[in-house]
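Worksheet for the structure shown next.
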Amino acid sequence: MATCFVCGRGRTIGNNVSHANNKTKRQIMPNLQRTRIIINNGVRREYVCTRCLRSGSVKKAL
């Protein structure tokens with residue numbers, strides 16, 4: 001399972017809860033995009049979550 005290169009965000013485990021309060025396990029996945037980013041004056045393809053992309057935590061390569 002891929003995780004965000006910047007913040008380390010990965011899948012989390014939770015419950016689906018029905019109206020009758022039955023609980024079944026589910027996975028909550030982050031929105032990861034495989035993008036070309038600039039790291040140490042080089043370009044690499046890494047998985048980055050959209051929150052890190054939107055906040056400017058990572059510099060995208062053209």
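Residues are named by chain letter and number: chains run A, B, ... in the order of the structure tokens, numbers start at 1 in each chain, and ligands are numbered from 1 in the order shown.
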Distance query range 19-36 of chain A at most 7 Å, only C-alpha atoms, self and fewer than 3 positions along chain excluded, as a PDB file with C-alpha atoms, in the first residue's frame:
```pdb
ATOM      1  CA  CYS A   4       2.340   9.963   0.954  1.00  0.00           C
ATOM      2  CA  GLY A  10      -1.753   6.014   4.309  1.00  0.00           C
ATOM      3  CA  ARG A  11      -4.918   4.027   4.643  1.00  0.00           C
ATOM      4  CA  THR A  12      -6.865   4.132   7.880  1.00  0.00           C
ATOM      5  CA  ILE A  13      -9.245   1.523   9.219  1.00  0.00           C
ATOM      6  CA  GLY A  14     -12.774   2.374  10.287  1.00  0.00           C
ATOM      7  CA  ASN A  15     -16.268   1.005  10.454  1.00  0.00           C
ATOM      8  CA  ASN A  16     -19.295   1.141   8.192  1.00  0.00           C
ATOM      9  CA  VAL A  43      13.367  14.776 -10.153  1.00  0.00           C
ATOM     10  CA  ARG A  44      11.641  11.668  -8.793  1.00  0.00           C
ATOM     11  CA  ARG A  45       8.228  10.092  -9.190  1.00  0.00           C
ATOM     12  CA  GLU A  46       6.599   9.671  -5.803  1.00  0.00           C
ATOM     13  CA  TYR A  47       3.132   9.224  -4.361  1.00  0.00           C
ATOM     14  CA  VAL A  48       1.927  12.505  -2.823  1.00  0.00           C
ATOM     15  CA  CYS A  49      -1.476  13.184  -1.277  1.00  0.00           C
ATOM     16  CA  THR A  50      -3.526  15.998  -2.750  1.00  0.00           C
ATOM     17  CA  LYS A  60       6.183  19.786  -8.838  1.00  0.00           C
ATOM     18  CA  ALA A  61       8.537  19.267 -11.776  1.00  0.00           C
TER      19      ALA A  61
END
```
*List every residue of chain A that DSSP, applied to the backbone, labels as strand (DSSP E), and write the result as a PyMOL selection string.*
chain A and resi 12-17+23-28+32-39+42-49
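Atom to atom, CA of Ala2 in chain A and CA of Val17 in chain A stand 26.3 Å apart.
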Run DSSP on the backbone and tell me which residues of chain A come out as helix (DSSP H, G or I); list them as a PDB file with C-alpha atoms, in the first residue's frame.
```
ATOM      1  CA  THR A  50      -3.526  15.998  -2.750  1.00  0.00           C
ATOM      2  CA  ARG A  51      -3.483  17.923   0.531  1.00  0.00           C
ATOM      3  CA  CYS A  52       0.323  18.204   0.345  1.00  0.00           C
ATOM      4  CA  LEU A  53       0.112  19.199  -3.327  1.00  0.00           C
ATOM      5  CA  ARG A  54      -2.520  21.841  -2.614  1.00  0.00           C
ATOM      6  CA  SER A  55      -0.737  23.301   0.444  1.00  0.00           C
TER       7      SER A  55
END
```
*Which is closest to Ile37 in chain A among A:Gly56, A:Ser18, A:Thr3, A:Gly8, if we use only C-alpha atoms?*
A:Gly56
